[in-house]
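See below for query04.json, which holds JSON, C-alpha atoms.
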[["chain", "number", "residue", "atom", "x", "y", "z"],
["A", 1, "MET", "CA", -44.27, -95.50, 178.67],
["A", 2, "ARG", "CA", -41.88, -97.40, 180.87],
["A", 3, "ILE", "CA", -40.48, -95.97, 184.08],
["A", 4, "ARG", "CA", -36.75, -95.50, 184.05],
["A", 5, "THR", "CA", -35.11, -96.32, 187.32],
["A", 6, "PRO", "CA", -33.15, -95.07, 189.21],
["A", 7, "LEU", "CA", -34.11, -91.60, 187.96],
["A", 8, "THR", "CA", -36.07, -89.29, 190.22],
["A", 9, "ALA", "CA", -39.70, -89.85, 191.17],
["A", 10, "LEU", "CA", -40.61, -86.75, 189.19],
["A", 11, "LEU", "CA", -39.11, -88.21, 186.03],
["A", 12, "ALA", "CA", -40.74, -91.59, 186.66],
["A", 13, "THR", "CA", -44.13, -89.95, 187.18],
["A", 14, "ALA", "CA", -43.82, -87.94, 183.98],
["A", 15, "LEU", "CA", -43.01, -91.02, 181.98],
["A", 16, "ALA", "CA", -45.67, -93.19, 183.60],
["A", 17, "THR", "CA", -48.36, -90.62, 182.85],
["A", 18, "GLY", "CA", -47.40, -90.31, 179.21],
["A", 19, "GLY", "CA", -45.49, -87.05, 179.57],
["A", 20, "PRO", "CA", -42.49, -86.21, 177.39],
["A", 21, "ALA", "CA", -39.18, -87.94, 177.97],
["A", 22, "LEU", "CA", -36.99, -85.85, 180.23],
["A", 23, "SER", "CA", -33.29, -85.21, 180.11],
["A", 24, "ALA", "CA", -30.90, -85.81, 182.99],
["A", 25, "THR", "CA", -31.30, -82.11, 183.78],
["A", 26, "GLY", "CA", -35.08, -82.48, 184.03],
["A", 27, "ALA", "CA", -35.81, -80.61, 180.78],
["A", 28, "ALA", "CA", -38.03, -82.04, 178.07],
["A", 29, "SER", "CA", -36.30, -83.67, 175.10],
["A", 30, "ALA", "CA", -37.04, -86.02, 172.23],
["A", 31, "ALA", "CA", -38.30, -89.42, 173.33],
["A", 32, "GLY", "CA", -35.46, -91.76, 174.12],
["A", 33, "THR", "CA", -32.83, -89.00, 174.24],
["A", 34, "ILE", "CA", -31.14, -87.93, 177.46],
["A", 35, "GLU", "CA", -29.32, -84.59, 177.35],
["A", 36, "VAL", "CA", -26.32, -84.42, 179.70],
["A", 37, "THR", "CA", -24.19, -81.48, 180.79],
["A", 38, "THR", "CA", -22.41, -82.64, 184.00],
["A", 39, "ALA", "CA", -20.46, -85.67, 185.21],
["A", 40, "ALA", "CA", -23.13, -86.47, 187.82],
["A", 41, "GLN", "CA", -25.85, -86.40, 185.17],
["A", 42, "LEU", "CA", -23.75, -88.64, 182.94],
["A", 43, "LYS", "CA", -23.38, -91.28, 185.65],
["A", 44, "THR", "CA", -27.13, -91.19, 186.26],
["A", 45, "ALA", "CA", -27.88, -91.46, 182.57],
["A", 46, "LEU", "CA", -25.49, -94.39, 182.06],
["A", 47, "ALA", "CA", -27.14, -96.28, 184.91],
["A", 48, "ALA", "CA", -30.67, -95.54, 183.68],
["A", 49, "ALA", "CA", -30.22, -96.14, 179.93],
["A", 50, "ARG", "CA", -32.33, -98.81, 178.28],
["A", 51, "PRO", "CA", -32.26, -100.34, 174.78],
["A", 52, "GLY", "CA", -33.05, -97.77, 172.12],
["A", 53, "ASP", "CA", -31.93, -94.77, 174.19],
["A", 54, "THR", "CA", -29.46, -92.08, 173.18],
["A", 55, "ILE", "CA", -27.34, -90.17, 175.71],
["A", 56, "HIS", "CA", -26.12, -86.90, 174.23],
["A", 57, "LEU", "CA", -23.26, -85.05, 175.88],
["A", 58, "ALA", "CA", -22.95, -81.30, 175.59],
["A", 59, "ASP", "CA", -19.45, -79.96, 175.01],
["A", 60, "GLY", "CA", -17.51, -79.67, 178.24],
["A", 61, "THR", "CA", -15.30, -81.63, 180.63],
["A", 62, "TYR", "CA", -16.71, -84.65, 182.47],
["A", 63, "THR", "CA", -14.31, -85.61, 185.24],
["A", 64, "GLY", "CA", -14.38, -89.12, 186.69],
["A", 65, "ASN", "CA", -14.41, -92.80, 185.78],
["A", 66, "PHE", "CA", -17.52, -93.76, 183.85],
["A", 67, "LYS", "CA", -18.79, -97.34, 183.85],
["A", 68, "VAL", "CA", -21.62, -98.99, 181.92],
["A", 69, "THR", "CA", -23.06, -102.40, 182.82],
["A", 70, "THR", "CA", -26.50, -102.42, 181.16],
["A", 71, "PRO", "CA", -26.62, -104.35, 177.87],
["A", 72, "ALA", "CA", -28.66, -103.26, 174.88],
["A", 73, "THR", "CA", -29.72, -105.48, 171.97],
["A", 74, "ALA", "CA", -28.67, -105.76, 168.35],
["A", 75, "ALA", "CA", -32.10, -104.45, 167.31],
["A", 76, "ALA", "CA", -32.16, -101.58, 169.84],
["A", 77, "ARG", "CA", -28.71, -100.26, 170.56],
["A", 78, "ILE", "CA", -27.87, -97.70, 173.24],
["A", 79, "THR", "CA", -25.87, -94.73, 171.96],
["A", 80, "LEU", "CA", -23.53, -92.45, 173.92],
["A", 81, "THR", "CA", -22.64, -89.51, 171.71],
["A", 82, "GLY", "CA", -21.08, -86.07, 171.69],
["A", 83, "SER", "CA", -18.62, -83.97, 169.75],
["A", 84, "PRO", "CA", -14.83, -84.10, 170.33],
["A", 85, "GLY", "CA", -15.47, -81.17, 172.66],
["A", 86, "ALA", "CA", -17.29, -83.51, 175.07],
["A", 87, "VAL", "CA", -14.27, -84.76, 177.02],
["A", 88, "LEU", "CA", -14.27, -87.58, 179.58],
["A", 89, "THR", "CA", -11.28, -86.91, 181.80],
["A", 90, "ALA", "CA", -10.12, -89.52, 184.32],
["A", 91, "GLY", "CA", -7.52, -88.94, 186.99],
["A", 92, "GLY", "CA", -6.65, -92.66, 186.89],
["A", 93, "GLY", "CA", -8.27, -96.01, 186.14],
["A", 94, "TYR", "CA", -10.47, -96.39, 183.07],
["A", 95, "GLY", "CA", -11.94, -93.37, 181.34],
["A", 96, "LEU", "CA", -14.93, -95.30, 179.97],
["A", 97, "HIS", "CA", -15.58, -98.93, 180.96],
["A", 98, "LEU", "CA", -18.17, -100.92, 179.01],
["A", 99, "ASN", "CA", -18.45, -103.97, 181.26],
["A", 100, "GLY", "CA", -21.04, -106.42, 179.95],
["A", 101, "ALA", "CA", -22.59, -103.54, 178.02],
["A", 102, "SER", "CA", -23.26, -105.31, 174.73],
["A", 103, "TYR", "CA", -24.55, -103.43, 171.68],
["A", 104, "TRP", "CA", -23.58, -99.94, 172.81],
["A", 105, "THR", "CA", -22.40, -97.34, 170.30],
["A", 106, "VAL", "CA", -20.01, -94.66, 171.51],
["A", 107, "SER", "CA", -19.49, -91.88, 168.98],
["A", 108, "GLY", "CA", -17.74, -88.56, 168.59],
["A", 109, "LEU", "CA", -16.53, -87.84, 172.11],
["A", 110, "THR", "CA", -13.02, -87.65, 173.61],
["A", 111, "VAL", "CA", -11.52, -89.80, 176.39],
["A", 112, "THR", "CA", -8.30, -88.74, 178.10],
["A", 113, "GLY", "CA", -6.29, -88.66, 181.30],
["A", 114, "GLY", "CA", -6.71, -92.14, 182.78],
["A", 115, "GLN", "CA", -4.67, -95.29, 183.08],
["A", 116, "LYS", "CA", -6.56, -96.72, 180.10],
["A", 117, "GLY", "CA", -8.97, -95.02, 177.71],
["A", 118, "ILE", "CA", -11.93, -97.15, 176.61],
["A", 119, "MET", "CA", -12.15, -100.69, 178.06],
["A", 120, "VAL", "CA", -14.63, -103.15, 176.59],
["A", 121, "ASP", "CA", -15.11, -106.24, 178.79],
["A", 122, "ALA", "CA", -17.45, -109.18, 178.10],
["A", 123, "ALA", "CA", -19.51, -107.05, 175.74],
["A", 124, "ARG", "CA", -20.58, -108.16, 172.26],
["A", 125, "GLY", "CA", -21.12, -105.86, 169.31],
["A", 126, "VAL", "CA", -19.76, -102.62, 170.81],
["A", 127, "VAL", "CA", -19.13, -99.90, 168.21],
["A", 128, "LEU", "CA", -16.69, -97.05, 168.82],
["A", 129, "ASP", "CA", -17.08, -94.54, 166.00],
["A", 130, "GLY", "CA", -15.25, -91.25, 165.56],
["A", 131, "VAL", "CA", -13.86, -91.13, 169.09],
["A", 132, "THR", "CA", -10.62, -89.43, 170.14],
["A", 133, "VAL", "CA", -8.50, -91.21, 172.77],
["A", 134, "HIS", "CA", -5.23, -89.75, 174.09],
["A", 135, "GLY", "CA", -3.13, -88.76, 177.10],
["A", 136, "LEU", "CA", -3.08, -92.16, 178.85],
["A", 137, "ASP", "CA", -0.69, -94.13, 181.03],
["A", 138, "MET", "CA", -1.37, -97.40, 179.19],
["A", 139, "GLU", "CA", -3.43, -98.55, 176.16],
["A", 140, "GLY", "CA", -5.98, -96.49, 174.32],
["A", 141, "VAL", "CA", -8.76, -98.97, 173.45],
["A", 142, "HIS", "CA", -8.96, -102.59, 174.66],
["A", 143, "PHE", "CA", -11.45, -105.30, 173.64],
["A", 144, "ARG", "CA", -11.14, -107.97, 176.35],
["A", 145, "ALA", "CA", -12.91, -110.85, 178.11],
["A", 146, "SER", "CA", -14.49, -112.31, 174.95],
["A", 147, "SER", "CA", -15.82, -109.02, 173.61],
["A", 148, "ALA", "CA", -16.59, -110.39, 170.16],
["A", 149, "ASP", "CA", -17.81, -108.51, 167.08],
["A", 150, "GLY", "CA", -16.59, -105.13, 168.29],
["A", 151, "VAL", "CA", -15.73, -102.23, 165.99],
["A", 152, "ILE", "CA", -13.49, -99.20, 166.28],
["A", 153, "GLU", "CA", -13.69, -96.97, 163.23],
["A", 154, "ASN", "CA", -13.00, -93.43, 162.02],
["A", 155, "SER", "CA", -11.23, -92.67, 165.29],
["A", 156, "ARG", "CA", -8.01, -91.01, 166.46],
["A", 157, "ILE", "CA", -5.69, -92.54, 169.08],
["A", 158, "TYR", "CA", -2.40, -90.94, 170.13],
["A", 159, "ASP", "CA", -0.17, -90.15, 173.13],
["A", 160, "THR", "CA", -0.50, -93.40, 175.09],
["A", 161, "GLY", "CA", 1.86, -95.40, 177.29],
["A", 162, "ASN", "CA", 2.95, -92.43, 179.34],
["A", 163, "ASP", "CA", 3.89, -94.49, 182.40],
["A", 164, "GLY", "CA", 7.04, -95.59, 180.56],
["A", 165, "ARG", "CA", 6.46, -99.35, 180.79],
["A", 166, "GLY", "CA", 5.81, -99.91, 177.09],
["A", 167, "MET", "CA", 2.15, -100.78, 177.75],
["A", 168, "GLY", "CA", 0.64, -98.13, 175.52],
["A", 169, "GLU", "CA", -0.89, -100.04, 172.61],
["A", 170, "GLY", "CA", -3.32, -98.04, 170.52],
["A", 171, "VAL", "CA", -5.83, -100.87, 170.05],
["A", 172, "TYR", "CA", -5.40, -104.08, 172.05],
["A", 173, "VAL", "CA", -7.52, -107.15, 171.29],
["A", 174, "GLY", "CA", -7.61, -110.11, 173.69],
["A", 175, "THR", "CA", -5.40, -111.04, 176.63],
["A", 176, "ALA", "CA", -1.76, -112.11, 176.68],
["A", 177, "ASN", "CA", -0.80, -115.63, 177.75],
["A", 178, "THR", "CA", -4.29, -117.10, 177.63],
["A", 179, "LEU", "CA", -6.51, -118.77, 175.04],
["A", 180, "SER", "CA", -9.77, -118.22, 176.92],
["A", 181, "ASP", "CA", -10.32, -114.64, 175.80],
["A", 182, "ARG", "CA", -12.33, -115.01, 172.58],
["A", 183, "SER", "CA", -12.57, -111.39, 171.55],
["A", 184, "ASP", "CA", -13.18, -112.57, 167.99],
["A", 185, "ARG", "CA", -13.99, -110.71, 164.77],
["A", 186, "VAL", "CA", -13.00, -107.28, 166.06],
["A", 187, "ARG", "CA", -12.87, -104.75, 163.21],
["A", 188, "ILE", "CA", -10.34, -101.90, 163.27],
["A", 189, "LEU", "CA", -11.33, -99.67, 160.37],
["A", 190, "ASN", "CA", -10.19, -96.31, 158.97],
["A", 191, "ASN", "CA", -8.54, -95.01, 162.13],
["A", 192, "THR", "CA", -5.51, -92.77, 162.61],
["A", 193, "ILE", "CA", -3.27, -94.27, 165.31],
["A", 194, "GLY", "CA", -0.17, -92.42, 166.47],
["A", 195, "PRO", "CA", 2.04, -90.54, 166.99],
["A", 196, "ASP", "CA", 3.41, -91.11, 170.50],
["A", 197, "VAL", "CA", 1.72, -94.48, 170.99],
["A", 198, "GLY", "CA", 4.02, -96.24, 173.46],
["A", 199, "GLY", "CA", 3.33, -99.77, 172.18],
["A", 200, "GLU", "CA", 2.21, -101.28, 168.91],
["A", 201, "ASN", "CA", -0.48, -99.29, 167.17],
["A", 202, "VAL", "CA", -2.50, -102.55, 167.07],
["A", 203, "ASP", "CA", -1.84, -105.75, 169.06],
["A", 204, "ILE", "CA", -3.94, -108.86, 168.30],
["A", 205, "LYS", "CA", -3.44, -111.47, 171.01],
["A", 206, "GLU", "CA", -3.39, -115.26, 170.87],
["A", 207, "GLY", "CA", -6.77, -116.88, 171.45],
["A", 208, "THR", "CA", -8.60, -114.39, 169.23],
["A", 209, "THR", "CA", -9.75, -115.09, 165.67],
["A", 210, "GLY", "CA", -10.94, -113.16, 162.67],
["A", 211, "ALA", "CA", -9.78, -109.59, 163.38],
["A", 212, "ARG", "CA", -9.97, -107.17, 160.46],
["A", 213, "ILE", "CA", -7.45, -104.29, 160.29],
["A", 214, "ILE", "CA", -8.41, -102.22, 157.25],
["A", 215, "GLY", "CA", -7.81, -98.71, 155.96],
["A", 216, "ASN", "CA", -5.89, -97.34, 158.94],
["A", 217, "THR", "CA", -3.05, -94.82, 159.08],
["A", 218, "PHE", "CA", -0.26, -95.82, 161.47],
["A", 219, "ASP", "CA", 2.47, -93.57, 162.89],
["A", 220, "GLY", "CA", 5.00, -95.52, 164.97],
["A", 221, "SER", "CA", 7.08, -92.59, 166.13],
["A", 222, "GLY", "CA", 6.26, -93.39, 169.77],
["A", 223, "LEU", "CA", 7.53, -97.00, 169.71],
["A", 224, "THR", "CA", 9.87, -97.63, 172.64],
["A", 225, "GLY", "CA", 11.10, -101.18, 172.01],
["A", 226, "ALA", "CA", 9.85, -102.25, 175.44],
["A", 227, "ASN", "CA", 8.01, -105.59, 175.46],
["A", 228, "TYR", "CA", 9.11, -106.17, 171.85],
["A", 229, "ASP", "CA", 7.01, -103.33, 170.47],
["A", 230, "ASP", "CA", 8.96, -102.64, 167.27],
["A", 231, "SER", "CA", 6.20, -102.68, 164.62],
["A", 232, "TRP", "CA", 2.89, -100.96, 163.95],
["A", 233, "VAL", "CA", 0.90, -104.19, 164.11],
["A", 234, "ASP", "CA", 1.66, -107.45, 165.90],
["A", 235, "VAL", "CA", -0.60, -110.40, 165.08],
["A", 236, "LYS", "CA", -0.66, -113.38, 167.43],
["A", 237, "GLY", "CA", -4.26, -114.41, 166.77],
["A", 238, "ASN", "CA", -5.60, -116.48, 163.87],
["A", 239, "ASP", "CA", -7.20, -115.69, 160.51],
["A", 240, "VAL", "CA", -6.52, -111.95, 160.63],
["A", 241, "LEU", "CA", -6.88, -109.69, 157.57],
["A", 242, "VAL", "CA", -4.49, -106.71, 157.32],
["A", 243, "GLN", "CA", -5.50, -104.65, 154.29],
["A", 244, "ASP", "CA", -5.07, -101.20, 152.73],
["A", 245, "ASN", "CA", -3.25, -99.65, 155.69],
["A", 246, "THR", "CA", -0.53, -96.98, 155.47],
["A", 247, "GLY", "CA", 2.34, -96.88, 157.95],
["A", 248, "THR", "CA", 5.30, -94.61, 158.64],
["A", 249, "ALA", "CA", 7.97, -94.15, 161.35],
["A", 250, "THR", "CA", 8.78, -97.54, 162.82],
["A", 251, "THR", "CA", 11.85, -98.63, 164.76],
["A", 252, "ASN", "CA", 12.11, -101.97, 162.94],
["A", 253, "ASP", "CA", 9.29, -103.68, 160.97],
["A", 254, "GLY", "CA", 5.92, -102.56, 159.71],
["A", 255, "TYR", "CA", 3.84, -105.65, 160.50],
["A", 256, "GLN", "CA", 4.75, -108.81, 162.39],
["A", 257, "THR", "CA", 3.19, -112.17, 163.18],
["A", 258, "HIS", "CA", 4.22, -114.26, 166.18],
["A", 259, "THR", "CA", 3.31, -117.67, 167.56],
["A", 260, "GLN", "CA", 3.04, -117.23, 171.32],
["A", 261, "GLN", "CA", 1.01, -120.43, 171.72],
["A", 262, "PRO", "CA", 1.11, -123.52, 169.44],
["A", 263, "GLY", "CA", -1.39, -123.20, 166.61],
["A", 264, "TRP", "CA", -1.78, -119.44, 166.97],
["A", 265, "GLY", "CA", -0.45, -116.56, 164.89],
["A", 266, "CYS", "CA", -1.62, -118.45, 161.80],
["A", 267, "GLY", "CA", -3.60, -117.58, 158.69],
["A", 268, "THR", "CA", -2.85, -113.86, 158.50],
["A", 269, "VAL", "CA", -3.45, -112.27, 155.09],
["A", 270, "PHE", "CA", -1.68, -109.05, 154.05],
["A", 271, "GLN", "CA", -2.80, -107.12, 150.99],
["A", 272, "GLY", "CA", -2.63, -103.55, 149.71],
["A", 273, "ASN", "CA", -0.59, -102.16, 152.62],
["A", 274, "LYS", "CA", 1.87, -99.28, 152.06],
["A", 275, "SER", "CA", 4.89, -99.28, 154.37],
["A", 276, "THR", "CA", 7.53, -96.58, 154.68],
["A", 277, "LEU", "CA", 10.47, -97.81, 156.78],
["A", 278, "THR", "CA", 12.65, -94.72, 156.42],
["A", 279, "GLY", "CA", 14.73, -94.25, 159.57],
["A", 280, "ALA", "CA", 14.17, -97.76, 160.95],
["A", 281, "THR", "CA", 17.24, -99.12, 162.72],
["A", 282, "GLY", "CA", 16.14, -102.58, 163.91],
["A", 283, "PRO", "CA", 17.68, -105.85, 162.80],
["A", 284, "THR", "CA", 15.11, -107.03, 160.23],
["A", 285, "ARG", "CA", 13.51, -103.87, 158.79],
["A", 286, "LEU", "CA", 10.84, -105.62, 156.75],
["A", 287, "ALA", "CA", 7.43, -104.32, 155.83],
["A", 288, "ILE", "CA", 5.94, -107.69, 156.81],
["A", 289, "ASP", "CA", 7.96, -109.96, 159.11],
["A", 290, "VAL", "CA", 6.38, -113.41, 159.47],
["A", 291, "THR", "CA", 8.22, -115.06, 162.33],
["A", 292, "HIS", "CA", 6.56, -118.46, 161.91],
["A", 293, "HIS", "CA", 5.45, -119.80, 158.53],
["A", 294, "SER", "CA", 4.65, -123.41, 157.68],
["A", 295, "ALA", "CA", 2.10, -125.57, 155.93],
["A", 296, "THR", "CA", 0.16, -125.88, 159.17],
["A", 297, "CYS", "CA", 0.57, -122.22, 160.17],
["A", 298, "PRO", "CA", 0.66, -120.18, 156.98],
["A", 299, "ALA", "CA", 0.61, -116.48, 156.19],
["A", 300, "THR", "CA", -0.17, -114.88, 152.84],
["A", 301, "VAL", "CA", 1.59, -111.74, 151.60],
["A", 302, "TYR", "CA", 0.22, -110.43, 148.30],
["A", 303, "ALA", "CA", 2.25, -108.48, 145.77],
["A", 304, "SER", "CA", -0.16, -105.55, 146.22],
["A", 305, "ASN", "CA", 1.77, -104.64, 149.39],
["A", 306, "THR", "CA", 4.51, -102.06, 148.87],
["A", 307, "VAL", "CA", 7.54, -100.89, 150.84],
["A", 308, "THR", "CA", 9.80, -97.86, 150.77],
["A", 309, "ASP", "CA", 13.28, -98.18, 152.29],
["A", 310, "GLY", "CA", 14.19, -100.85, 154.82],
["A", 311, "LYS", "CA", 15.49, -104.28, 153.77],
["A", 312, "GLY", "CA", 12.53, -105.53, 151.78],
["A", 313, "LEU", "CA", 8.88, -106.46, 151.67],
["A", 314, "THR", "CA", 8.79, -109.76, 153.53],
["A", 315, "ASN", "CA", 10.67, -112.92, 154.49],
["A", 316, "ILE", "CA", 8.20, -115.41, 152.95],
["A", 317, "PRO", "CA", 7.21, -116.07, 149.31],
["A", 318, "VAL", "CA", 4.99, -113.36, 147.81],
["A", 319, "THR", "CA", 1.66, -114.32, 146.29],
["A", 320, "PRO", "CA", 0.86, -112.58, 142.99]]
Could you rewrite the structure in this file as structure tokens?
Amino acid sequence: MRIRTPLTALLATALATGGPALSATGAASAAGTIEVTTAAQLKTALAAARPGDTIHLADGTYTGNFKVTTPATAAARITLTGSPGAVLTAGGGYGLHLNGASYWTVSGLTVTGGQKGIMVDAARGVVLDGVTVHGLDMEGVHFRASSADGVIENSRIYDTGNDGRGMGEGVYVGTANTLSDRSDRVRILNNTIGPDVGGENVDIKEGTTGARIIGNTFDGSGLTGANYDDSWVDVKGNDVLVQDNTGTATTNDGYQTHTQQPGWGCGTVFQGNKSTLTGATGPTRLAIDVTHHSATCPATVYASNTVTDGKGLTNIPVTP
């Protein structure tokens, strides 16, 4: 068996001699599984993990900023898992930073208390499944620096943007004011986002392509209007699918598209979304507000979308 560095010499010797895999506490566990109960053990386990490994967190509070830089592979992912009672609590900075850590799966646990919750930088194929993210100064989950093919699913994000600057998006894909961040094909599936999210529930930035926003429940009761956050979803990337989502409690619109850079904010498809605009007070109050629509930069709004209250479904022709 391989030696895992930088774990202790005792652990390395046990592995090299064919002994059982050991946990971060030094106790025997199933091969490839590292059992963790403290913040120090978690940092050691994150540094030592190799493709195919699983790091399992016991319930408890893990205080600090946790960073991962080791990539896995598509065929042998690394998994960081725990129940919602396993809580990563940061006093500032990023709660969990996957920096170059491609093909990691993070499941079940809770991240709270930092500037930002889960940051994914330059990491392909990261899956966030069933996580809870809340209590943050800025955004909840951010796919950035060309983190393509990422997934966030079955998760709960709420109570973000607490520094009051309107920077509290629930899920943020890409980077503003640049076309070099190709965080393409990010899938945002079956999540509950809101309440008290201090920016859009989902923000898809220019330069990114192929996002899929499907089956989510949006609550915009935390929208502040700062930085133009007056909808659940703002699409500035290309070829985005927005499907079968349900939204309530917005200040203005349900969904918006914008062209921040020429040739971007194009090709968005909306179908099967249910929008309730009761209580909205903004100027347009549409379920789907397409701010730029032309033959060269189209959007498609299907008749399967519905709206309750507000001023109407959309401002472009509806496709049967």
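Distance-wise, CA of Trp264 in chain A and CA of Gly222 in chain A end up 27.4 Å apart.
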_Distance criterion (all atoms listed in the file): nearest to Val36 in chain A out of A:Val68, A:Ala86, A:Ala122, A:Ala74_ = A:Ala86
*Rank A:Gly108, A:Gly114, A:Gly92, A:Gly140 by their smallest atom-to-atom distance to Leu128 in chain A, using only C-alpha atoms, and report the top residue only.*
A:Gly108
*Exercise: residues within 9 Å of coordinate (-17.4, -107.3, 161.5), counting all atoms listed in the file, as a ChimeraX atom specification*: /A:125,149-151,185-187,210-212
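Considering all atoms listed in the file, the residue among A:Val233, A:Ala303, A:Ala226, A:Cys266 positioned nearest to Thr319 in chain A is A:Ala303.
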*Quick one: residues within 10 Å of Thr257 in chain A, only C-alpha atoms counted, chain neighbours fewer than 4 positions away excluded, as a list in words?*
Ile204, Val233, Asp234, Val235, Lys236, Gly237, Asn238, Trp264, Gly265, Cys266, Gly267, Thr268, Ile288, Asp289, Val290, Thr291, His292, His293 and Ala299 of chain A
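Picture a line from CA of Gly282 in chain A to CA of Thr314 in chain A; it runs 14.6 Å.
For the set A:Thr192, A:Gly215, A:Glu139, A:Ala176, the residue with the smallest atom-to-atom gap to Arg156 in chain A is A:Thr192, counting all atoms listed in the file.
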*What lies within 12 Å of Ala75 in chain A using only C-alpha atoms, ignoring chain neighbours under 4 positions off, as a ChimeraX atom specification?*
/A:51-53,71,102-104,125
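Shortest atom-to-atom contact with Gly199 in chain A among A:Leu88, A:Ala47, A:Ala123, A:Ile157: A:Ile157, counting all atoms listed in the file.
The space separating CA of Thr89 in chain A from CA of Gly194 in chain A comes to 19.7 Å.
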*Starting from the point (-10.1, -109.5, 177.3), work out which residues of protein, DNA or RNA have an atom no more than 6 Å away when counting all atoms listed in the file; state them as a count of residues only.*
7
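Closest approach to Ile118 in chain A among A:Ala72, A:Tyr158, A:Phe66, A:Pro84 is made by A:Phe66 (distances from only C-alpha atoms).
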What lies within 8 Å of Met138 in chain A using only C-alpha atoms, ignoring chain neighbours under 4 positions off, as a compact mmCIF listing (two decimals) with C-alpha atoms, keeping the file's coordinate frame?
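This went into selection.txt:
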# COMPACT_ATOMS: atom_id res chain seq x y z
CA GLN A 115 -4.67 -95.29 183.08
CA LYS A 116 -6.56 -96.72 180.10
CA THR A 160 -0.50 -93.40 175.09
CA GLY A 161 1.86 -95.40 177.29
CA ASN A 162 2.95 -92.43 179.34
CA ASP A 163 3.89 -94.49 182.40
CA GLY A 166 5.81 -99.91 177.09
CA MET A 167 2.15 -100.78 177.75
CA GLY A 168 0.64 -98.13 175.52
CA GLU A 169 -0.89 -100.04 172.61
CA GLY A 198 4.02 -96.24 173.46
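Neighbouring residues of range 56-62 of chain A at 8 Å or closer, counting only C-alpha atoms and skipping chain neighbours under 3 positions away, are Thr33, Ile34, Glu35, Val36, Thr37, Thr38, Ala39, Leu42, Leu80, Thr81, Gly82, Ser83, Pro84, Gly85, Ala86, Val87, Leu88 and Thr89 of chain A.
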*Which neighbours of His97 in chain A fall inside 9 Å, counting only C-alpha atoms, when residues of the same chain fewer than 5 positions from it are skipped, and could you give them as a PyMOL selection string?*
chain A and resi 65-69+117-121
Since fewer atoms than expected are present, regenerate N, CA and C atoms for range 300-313 of chain A and write them as a PDB file, in the frame of the given file.
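The file below, part_0.pdb, is the result:
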ATOM      1  N   THR A 300      -0.120-115.221 154.258  1.00  0.00           N
ATOM      2  CA  THR A 300      -0.170-114.880 152.840  1.00  0.00           C
ATOM      3  C   THR A 300       0.166-113.399 152.684  1.00  0.00           C
ATOM      4  N   VAL A 301       1.194-113.122 151.894  1.00  0.00           N
ATOM      5  CA  VAL A 301       1.590-111.740 151.600  1.00  0.00           C
ATOM      6  C   VAL A 301       1.416-111.534 150.095  1.00  0.00           C
ATOM      7  N   TYR A 302       0.469-110.684 149.714  1.00  0.00           N
ATOM      8  CA  TYR A 302       0.220-110.430 148.300  1.00  0.00           C
ATOM      9  C   TYR A 302       1.155-109.364 147.748  1.00  0.00           C
ATOM     10  N   ALA A 303       1.358-109.422 146.431  1.00  0.00           N
ATOM     11  CA  ALA A 303       2.250-108.480 145.770  1.00  0.00           C
ATOM     12  C   ALA A 303       1.692-107.055 145.769  1.00  0.00           C
ATOM     13  N   SER A 304       0.437-106.886 146.135  1.00  0.00           N
ATOM     14  CA  SER A 304      -0.160-105.550 146.220  1.00  0.00           C
ATOM     15  C   SER A 304       0.389-104.737 147.391  1.00  0.00           C
ATOM     16  N   ASN A 305       1.089-105.377 148.323  1.00  0.00           N
ATOM     17  CA  ASN A 305       1.770-104.640 149.390  1.00  0.00           C
ATOM     18  C   ASN A 305       3.010-103.964 148.823  1.00  0.00           C
ATOM     19  N   THR A 306       3.328-102.764 149.331  1.00  0.00           N
ATOM     20  CA  THR A 306       4.510-102.060 148.870  1.00  0.00           C
ATOM     21  C   THR A 306       5.354-101.601 150.055  1.00  0.00           C
ATOM     22  N   VAL A 307       6.643-101.350 149.785  1.00  0.00           N
ATOM     23  CA  VAL A 307       7.540-100.890 150.840  1.00  0.00           C
ATOM     24  C   VAL A 307       8.506 -99.852 150.268  1.00  0.00           C
ATOM     25  N   THR A 308       8.772 -98.855 151.075  1.00  0.00           N
ATOM     26  CA  THR A 308       9.800 -97.860 150.770  1.00  0.00           C
ATOM     27  C   THR A 308      10.866 -97.937 151.840  1.00  0.00           C
ATOM     28  N   ASP A 309      12.128 -98.061 151.397  1.00  0.00           N
ATOM     29  CA  ASP A 309      13.280 -98.180 152.290  1.00  0.00           C
ATOM     30  C   ASP A 309      13.200 -99.481 153.103  1.00  0.00           C
ATOM     31  N   GLY A 310      14.086 -99.602 154.088  1.00  0.00           N
ATOM     32  CA  GLY A 310      14.190-100.850 154.820  1.00  0.00           C
ATOM     33  C   GLY A 310      14.928-101.898 154.015  1.00  0.00           C
ATOM     34  N   LYS A 311      14.778-103.178 154.400  1.00  0.00           N
ATOM     35  CA  LYS A 311      15.490-104.280 153.770  1.00  0.00           C
ATOM     36  C   LYS A 311      14.632-105.115 152.826  1.00  0.00           C
ATOM     37  N   GLY A 312      13.343-104.773 152.703  1.00  0.00           N
ATOM     38  CA  GLY A 312      12.530-105.530 151.780  1.00  0.00           C
ATOM     39  C   GLY A 312      11.089-105.640 152.223  1.00  0.00           C
ATOM     40  N   LEU A 313      10.303-106.334 151.394  1.00  0.00           N
ATOM     41  CA  LEU A 313       8.880-106.460 151.670  1.00  0.00           C
ATOM     42  C   LEU A 313       8.589-107.487 152.742  1.00  0.00           C
TER      43      LEU A 313
END
